[in-house]
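A short write-up of the structure that comes next.
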Amino acid sequence: MTNYTDVRYKIPTVSFSGATEASPAEGNIWYQSGKFHFGSSETTLYVGVWSSGGNISTGRWSMGCAGTQTSGLCFAGYTGSGNSNVTEEYNGTAWSGGGNVGTSQYALGGCGTQTAGLKMGGAYGQGTNVTEEYNGSSWSGGGNLGTSRGYLSAAGTQSSALCMGGYYTATARKTEEYNGSSWSAGGDLASPGRYGSTGCGTQSAGLCMGGRPEEGDVVNVTEEYDGSSWSSGGNTLTARTSGAGGGTQSAAWIGGGFDGSSNFHSTEEYNGTAWSAGGNTLTRPRYRGGTGTQAAGLIMGGEASQASTPVLLTEEYTSPGTGNYDELFIASGGL
């Protein structure tokens, strides 16, 4: 058998520490983690792709979400005629009914997992301060937010959560942290304070992107949280509000939303420093629910246009990560 060490000087090689850390030139070949790879100029081949998943049973928008692509949770929201108390659980193929929320609401925040979800705030204007916790079958009351708010964003887990922003002026920059029983004040968002932003990550490494000031245009601002204060991250390529998103502070995604005049379907991916283009969503609703990771995202529901019928569609995102690369074949130390 010919080993890689026997041929390493007979083919073009490139020093490369990770597929997400560089963009090799076309024709470069390298060996990493038991696999041979080659560089390609056809970067579009490696952009993330959205595909159809199972429809939600109750069409709605501005709902709360939690979980992953194969174990998702969506709850509450607005049906077009009123607030919903419905909870649904996703198994990677289809949605099924879960326990109803105690307080029907829309424009709320959500985070956590399918068996340990968290719901907070909601509604227009000054909003509400209600928090509820999900155990996989039913909701129960949690500690109230310190400041009532709607159109907020959230991140983290049921026992270590983060919520930020909101529509009402008094909440537009406020951050709160949850310890599983009560909320306490965190560091304020930087200017501009905004509502309709998208959040993801953890309580000690959170991300807040996009949104709209109560007075002003949609923004492309990204901010990163370190557990006590926010700092500026890389701006999104497109200013947007009411987008869906998920992931971590160093590997996030945001998709769809509203740019101030119309809905759009672009997706972007974040590497902890800068945003790059991902694959477009199949449809263009705003106010969608979103959860999951950058490699495996999930969106559901939404409003196709103002005062329209809510959308039932679920979409699943699959992304290979950034960089111009492909695998030639799998090997284990040799050809």
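Here, A, B, ... name the chains of the structure tokens in the order displayed, residue numbers run from 1 inside each chain, and ligands are numbered from 1 in the same displayed order.
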Which residues, written as an mmCIF file with N, CA and C atoms, in the first residue's frame, have at least one atom at most 9 Å from segment 227-229 of chain A, with only C-alpha atoms counted and residues fewer than 4 positions away on the same chain left out?
data_model
loop_
_atom_site.group_PDB
_atom_site.id
_atom_site.type_symbol
_atom_site.label_atom_id
_atom_site.label_comp_id
_atom_site.auth_asym_id
_atom_site.auth_seq_id
_atom_site.Cartn_x
_atom_site.Cartn_y
_atom_site.Cartn_z
ATOM 1 N N GLU A 177 -30.653 38.310 32.960
ATOM 2 C CA GLU A 177 -30.106 36.959 33.049
ATOM 3 C C GLU A 177 -30.962 36.126 34.002
ATOM 4 N N GLY A 186 -28.512 42.449 33.573
ATOM 5 C CA GLY A 186 -27.216 42.274 32.942
ATOM 6 C C GLY A 186 -26.780 43.571 32.292
ATOM 7 N N GLY A 187 -25.712 43.551 31.525
ATOM 8 C CA GLY A 187 -25.226 44.755 30.857
ATOM 9 C C GLY A 187 -26.129 45.177 29.714
ATOM 10 N N ASP A 188 -26.342 46.473 29.576
ATOM 11 C CA ASP A 188 -27.201 47.002 28.516
ATOM 12 C C ASP A 188 -26.592 46.782 27.140
ATOM 13 N N LEU A 189 -27.469 46.553 26.141
ATOM 14 C CA LEU A 189 -27.031 46.581 24.750
ATOM 15 C C LEU A 189 -26.453 47.947 24.435
ATOM 16 N N THR A 202 -25.159 31.505 24.440
ATOM 17 C CA THR A 202 -25.342 31.184 25.856
ATOM 18 C C THR A 202 -25.361 32.458 26.690
ATOM 19 N N GLN A 203 -25.618 32.280 27.985
ATOM 20 C CA GLN A 203 -25.663 33.438 28.881
ATOM 21 C C GLN A 203 -24.303 34.114 28.989
ATOM 22 N N SER A 204 -23.235 33.362 28.887
ATOM 23 C CA SER A 204 -21.895 33.942 29.006
ATOM 24 C C SER A 204 -21.226 34.197 27.665
ATOM 25 N N ALA A 205 -21.879 33.774 26.580
ATOM 26 C CA ALA A 205 -21.353 34.000 25.230
ATOM 27 C C ALA A 205 -22.534 34.146 24.281
ATOM 28 N N GLY A 206 -23.277 35.239 24.467
ATOM 29 C CA GLY A 206 -24.481 35.470 23.685
ATOM 30 C C GLY A 206 -24.227 36.293 22.437
#
Quick one: of A:Gly136, A:Gly92, A:Gly272, A:Gly141, who's nearest to Asn55 of chain A, counting only C-alpha atoms?
A:Gly92
Can you work out which one of A:Gly233, A:Gly150, A:Gly54, A:Gly142 has the shortest atom-to-atom distance to Asn179 of chain A, counting only C-alpha atoms?
A:Gly142
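Between atom CA of Tyr167 of chain A and atom CA of Gly289 of chain A lies a distance of 17.8 Å.
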Name all residues at most 12 Å from Thr293 of chain A (count only C-alpha atoms; drop same-chain ones fewer than 3 positions away) and give them as a VMD selection string.
chain A and resid 66 to 72 200 to 201 244 to 254 269 to 270 290 296 to 299 316 to 321
Quick one, how far is atom CA of Trp230 of chain A from atom CA of Thr175 of chain A?
9.6 Å
